[in-house]
Amino acid sequence: MIPHPPHSHPAEAPIGVFDSGVGGLSVLRHIRAQLPREELIYFADTACAPYGGKSEAVLIERTLAIADYLLGRGAKAIVVACNTATVAAIKALRARYPQLPLVGVEPGLKPAAALSRNGKVGVIATEVTLAGDKFLRLREQISAASGAQFLLQGCPGLVELIERGELDTPAVDAMLRRYVGPLLEQGIDTLVLGCTHYPFVLGAIERLLAADAAAPVALVDTGDAVARQLARLLAAAGLLRADDAAPSLRACTSAGAPALAAAFAGLLGLHPEVEEVPLAQPIRKD
């Protein structure tokens, strides 16, 4: 394990960010832009990826195990940079650590409803996210308040392609057409990217919309909102790092350190040292 020095002040401690794989790097990108002084630890749970097909019990177990690890590394706050883990496990995480600054990622239904001109909003996400009680309650509340109609589309297989680095391939184009095409046929004018992996195929989505949409379609990605909420929580707790010295960025994964290093380099142009960390808790089968 990479040693980490004790922090002389809680504000100097790092922020922990985790996802099932590389999708959370899209959120990390926004956090680094919003909070450039902050030290960061990123954890990719590649050994259990993708989360989209896992049971709620497994997701709660993995989320708590990763949070325990990040807190053991001195994290002052945690960002659950995964829509699926947020839906399944953030309630359990808040219950275990009620005083911890904690931010999850939810599909941007409220901003999408405000953006939509015709009230038809498409949402693409993992099937676990779309079936979660937390998400369905949110959809009902915002639909009742705004009158927006949310058209939901699960995207099995898309996360796996992105994890393999297929961001601009015929396979990605075909899969997106299969999933987004029916939403366009139903007349959506706004599309929510309901998984943190999906911003990495934004170019392919934009090409599809340009080719197949009858009218312009607005895209909603909540990464920036997550970073702003994190900044608010840290400021309220007096935990914003003030040191002008260059902050550190550390990366960990439960499997496949070379793949995560390649993702950092290819997706963000960053080259942190990547540590492989087998989690103490077993991976249960569904």
# chains A, B, ... in the order shown; residues from 1 in each chain; ligands from 1
$ residues_around --residues "Gln149 of chain A" --least-positions-apart "4" --cutoff "7 Å" --atoms "only C-alpha atoms" --output "VMD selection string"
chain A and resid 119 to 121 143
$ select_by_dssp --residues "segment 47-226 of chain A" --states "alpha helix (DSSP H)" --output "PyMOL selection string"
chain A and resi 56-72+83-96+109-115+127-131+133-146+158-163+170-185+202-212+223-226
$ write_last_selection --atoms "C-alpha atoms" --output "compact mmCIF listing (two decimals), in the first residue's frame"
# COMPACT_ATOMS: atom_id res chain seq x y z
CA GLU A 56 -28.52 -3.90 -4.29
CA ALA A 57 -26.95 -6.00 -1.53
CA VAL A 58 -23.71 -6.35 -3.46
CA LEU A 59 -23.63 -2.64 -4.30
CA ILE A 60 -24.15 -1.66 -0.67
CA GLU A 61 -21.38 -4.03 0.41
CA ARG A 62 -18.94 -2.69 -2.17
CA THR A 63 -19.80 0.96 -1.51
CA LEU A 64 -19.27 0.61 2.24
CA ALA A 65 -16.02 -1.30 1.73
CA ILE A 66 -14.63 1.35 -0.65
CA ALA A 67 -15.73 4.18 1.65
CA ASP A 68 -14.00 2.47 4.58
CA TYR A 69 -10.84 2.17 2.50
CA LEU A 70 -10.90 5.83 1.39
CA LEU A 71 -11.52 7.04 4.93
CA GLY A 72 -8.65 4.86 6.06
CA ASN A 83 -25.33 6.79 -10.62
CA THR A 84 -25.98 3.11 -9.94
CA ALA A 85 -24.10 3.06 -6.62
CA THR A 86 -25.80 6.31 -5.58
CA VAL A 87 -29.26 4.88 -6.19
CA ALA A 88 -28.50 1.60 -4.42
CA ALA A 89 -26.21 2.52 -1.57
CA ILE A 90 -25.96 6.19 -0.64
CA LYS A 91 -28.66 5.84 2.02
CA ALA A 92 -26.59 3.13 3.74
CA LEU A 93 -23.45 5.23 3.39
CA ARG A 94 -25.12 8.28 4.98
CA ALA A 95 -26.40 6.09 7.82
CA ARG A 96 -22.90 4.78 8.56
CA LEU A 109 -34.06 15.30 -14.16
CA LYS A 110 -34.78 18.73 -12.68
CA PRO A 111 -32.47 20.71 -15.00
CA ALA A 112 -33.68 18.61 -17.92
CA ALA A 113 -37.31 19.44 -17.18
CA ALA A 114 -36.40 23.13 -17.05
CA LEU A 115 -34.55 22.92 -20.38
CA GLU A 127 -31.16 -0.64 -15.71
CA VAL A 128 -30.37 -0.70 -11.97
CA THR A 129 -30.45 3.12 -11.85
CA LEU A 130 -33.76 3.31 -13.70
CA ALA A 131 -35.40 0.65 -11.50
CA ASP A 133 -36.88 3.45 -5.77
CA LYS A 134 -34.89 6.65 -5.20
CA PHE A 135 -34.81 7.43 -8.91
CA LEU A 136 -38.47 6.56 -9.47
CA ARG A 137 -39.55 8.81 -6.59
CA LEU A 138 -37.46 11.63 -8.02
CA ARG A 139 -39.02 11.14 -11.43
CA GLU A 140 -42.54 11.23 -9.98
CA GLN A 141 -41.84 14.38 -7.95
CA ILE A 142 -40.31 16.32 -10.84
CA SER A 143 -42.89 15.12 -13.34
CA ALA A 144 -45.69 16.22 -11.02
CA ALA A 145 -44.08 19.61 -10.41
CA SER A 146 -43.07 20.35 -14.02
CA LEU A 158 -22.66 0.41 -23.12
CA VAL A 159 -20.61 0.72 -19.93
CA GLU A 160 -18.66 -2.40 -20.91
CA LEU A 161 -17.73 -0.88 -24.28
CA ILE A 162 -16.57 2.34 -22.63
CA GLU A 163 -14.55 0.39 -20.05
CA PRO A 170 -18.98 1.36 -35.07
CA ALA A 171 -20.04 -0.83 -32.12
CA VAL A 172 -20.68 2.23 -29.95
CA ASP A 173 -22.51 4.00 -32.79
CA ALA A 174 -24.75 0.96 -33.35
CA MET A 175 -25.53 0.55 -29.66
CA LEU A 176 -26.37 4.23 -29.21
CA ARG A 177 -28.64 4.17 -32.26
CA ARG A 178 -30.44 1.14 -30.81
CA TYR A 179 -31.01 2.84 -27.46
CA VAL A 180 -31.41 6.52 -28.34
CA GLY A 181 -33.23 6.03 -31.64
CA PRO A 182 -36.57 5.02 -30.03
CA LEU A 183 -36.40 8.08 -27.75
CA LEU A 184 -35.95 10.35 -30.78
CA GLU A 185 -38.90 8.67 -32.49
CA LEU A 202 -20.49 12.42 -26.00
CA GLY A 203 -19.03 12.81 -29.49
CA ALA A 204 -20.81 9.71 -30.72
CA ILE A 205 -24.08 10.85 -29.10
CA GLU A 206 -23.81 14.29 -30.70
CA ARG A 207 -23.19 12.72 -34.13
CA LEU A 208 -26.26 10.52 -33.71
CA LEU A 209 -28.43 13.47 -32.70
CA ALA A 210 -27.17 15.56 -35.61
CA ALA A 211 -27.97 12.77 -38.04
CA ASP A 212 -31.26 11.41 -36.67
CA GLY A 223 -20.82 16.27 -13.38
CA ASP A 224 -20.49 20.03 -12.98
CA ALA A 225 -23.40 20.16 -10.51
CA VAL A 226 -21.77 17.43 -8.42
$ select_by_dssp --residues "segment 222-263 of chain A" --states "strand (DSSP E)" --output "PDB file with all heavy atoms, in the first residue's frame"
ATOM      1  N   LEU A 249      -2.653  13.736  -6.728  1.00  0.00           N
ATOM      2  CA  LEU A 249      -3.722  12.912  -7.287  1.00  0.00           C
ATOM      3  C   LEU A 249      -3.250  11.473  -7.214  1.00  0.00           C
ATOM      4  O   LEU A 249      -2.232  11.111  -7.804  1.00  0.00           O
ATOM      5  CB  LEU A 249      -4.018  13.307  -8.731  1.00  0.00           C
ATOM      6  CG  LEU A 249      -4.960  12.361  -9.512  1.00  0.00           C
ATOM      7  CD1 LEU A 249      -6.331  12.300  -8.848  1.00  0.00           C
ATOM      8  CD2 LEU A 249      -5.070  12.808 -10.964  1.00  0.00           C
ATOM      9  N   ARG A 250      -3.988  10.665  -6.462  1.00  0.00           N
ATOM     10  CA  ARG A 250      -3.648   9.252  -6.339  1.00  0.00           C
ATOM     11  C   ARG A 250      -4.780   8.419  -6.920  1.00  0.00           C
ATOM     12  O   ARG A 250      -5.935   8.825  -6.901  1.00  0.00           O
ATOM     13  CB  ARG A 250      -3.413   8.891  -4.872  1.00  0.00           C
ATOM     14  CG  ARG A 250      -2.110   9.455  -4.314  1.00  0.00           C
ATOM     15  CD  ARG A 250      -2.034   9.290  -2.809  1.00  0.00           C
ATOM     16  NE  ARG A 250      -2.821  10.315  -2.125  1.00  0.00           N
ATOM     17  CZ  ARG A 250      -3.125  10.284  -0.835  1.00  0.00           C
ATOM     18  NH1 ARG A 250      -2.745   9.272  -0.096  1.00  0.00           N
ATOM     19  NH2 ARG A 250      -3.810  11.263  -0.295  1.00  0.00           N
ATOM     20  N   ALA A 251      -4.439   7.251  -7.424  1.00  0.00           N
ATOM     21  CA  ALA A 251      -5.431   6.387  -8.055  1.00  0.00           C
ATOM     22  C   ALA A 251      -5.280   4.968  -7.537  1.00  0.00           C
ATOM     23  O   ALA A 251      -4.163   4.479  -7.350  1.00  0.00           O
ATOM     24  CB  ALA A 251      -5.276   6.411  -9.571  1.00  0.00           C
ATOM     25  N   CYS A 252      -6.414   4.330  -7.296  1.00  0.00           N
ATOM     26  CA  CYS A 252      -6.436   2.955  -6.804  1.00  0.00           C
ATOM     27  C   CYS A 252      -7.484   2.178  -7.596  1.00  0.00           C
ATOM     28  O   CYS A 252      -8.467   2.747  -8.073  1.00  0.00           O
ATOM     29  CB  CYS A 252      -6.801   2.901  -5.323  1.00  0.00           C
ATOM     30  SG  CYS A 252      -5.894   4.028  -4.256  1.00  0.00           S
ATOM     31  N   THR A 253      -7.290   0.885  -7.672  1.00  0.00           N
ATOM     32  CA  THR A 253      -8.277   0.037  -8.333  1.00  0.00           C
ATOM     33  C   THR A 253      -8.285  -1.333  -7.679  1.00  0.00           C
ATOM     34  O   THR A 253      -7.246  -1.791  -7.173  1.00  0.00           O
ATOM     35  CB  THR A 253      -7.988  -0.098  -9.838  1.00  0.00           C
ATOM     36  OG1 THR A 253      -8.966  -0.956 -10.434  1.00  0.00           O
ATOM     37  CG2 THR A 253      -6.593  -0.649 -10.100  1.00  0.00           C
TER      38      THR A 253
END
$ atom_distance --atom1 "atom CA of Gln99 of chain A" --atom2 "atom CA of Gly238 of chain A"
13.3 Å
$ residues_around --residues "Leu152 of chain A" --least-positions-apart "5" --cutoff "7 Å" --atoms "only C-alpha atoms" --output "JSON list (two decimals) with N, CA, C and O atoms, in the first residue's frame"
[["chain", "number", "residue", "atom", "x", "y", "z"],
["A", 122, "GLY", "N", -35.74, 12.38, -22.55],
["A", 122, "GLY", "CA", -35.20, 11.03, -22.56],
["A", 122, "GLY", "C", -34.15, 10.88, -21.48],
["A", 122, "GLY", "O", -33.41, 11.82, -21.17],
["A", 123, "VAL", "N", -34.09, 9.69, -20.87],
["A", 123, "VAL", "CA", -33.08, 9.40, -19.85],
["A", 123, "VAL", "C", -32.43, 8.08, -20.21],
["A", 123, "VAL", "O", -33.11, 7.05, -20.28],
["A", 124, "ILE", "N", -31.11, 8.10, -20.45],
["A", 124, "ILE", "CA", -30.39, 6.85, -20.66],
["A", 124, "ILE", "C", -29.53, 6.59, -19.43],
["A", 124, "ILE", "O", -28.88, 7.49, -18.90]]
$ residues_around --residues "Gly23 of chain A" --least-positions-apart "3" --cutoff "7 Å" --atoms "only C-alpha atoms" --output "list in words"
Asp19, Ser26, Thr196 and His197 of chain A
$ write_last_selection --atoms "N, CA, C and O atoms" --output "PDB file, in the first residue's frame"
ATOM      1  N   ASP A  19     -15.941   4.995  -8.375  1.00  0.00           N
ATOM      2  CA  ASP A  19     -16.894   4.483  -9.357  1.00  0.00           C
ATOM      3  C   ASP A  19     -16.571   3.011  -9.573  1.00  0.00           C
ATOM      4  O   ASP A  19     -15.553   2.500  -9.096  1.00  0.00           O
ATOM      5  N   SER A  26     -15.144  11.208 -15.425  1.00  0.00           N
ATOM      6  CA  SER A  26     -15.862  12.365 -15.972  1.00  0.00           C
ATOM      7  C   SER A  26     -16.251  13.328 -14.864  1.00  0.00           C
ATOM      8  O   SER A  26     -16.274  14.555 -15.066  1.00  0.00           O
ATOM      9  N   THR A 196     -22.263   8.092 -15.313  1.00  0.00           N
ATOM     10  CA  THR A 196     -21.054   8.899 -15.425  1.00  0.00           C
ATOM     11  C   THR A 196     -20.120   8.414 -16.531  1.00  0.00           C
ATOM     12  O   THR A 196     -19.197   9.138 -16.932  1.00  0.00           O
ATOM     13  N   HIS A 197     -20.326   7.198 -17.040  1.00  0.00           N
ATOM     14  CA  HIS A 197     -19.531   6.734 -18.181  1.00  0.00           C
ATOM     15  C   HIS A 197     -19.914   7.461 -19.477  1.00  0.00           C
ATOM     16  O   HIS A 197     -19.075   7.628 -20.366  1.00  0.00           O
TER      17      HIS A 197
END
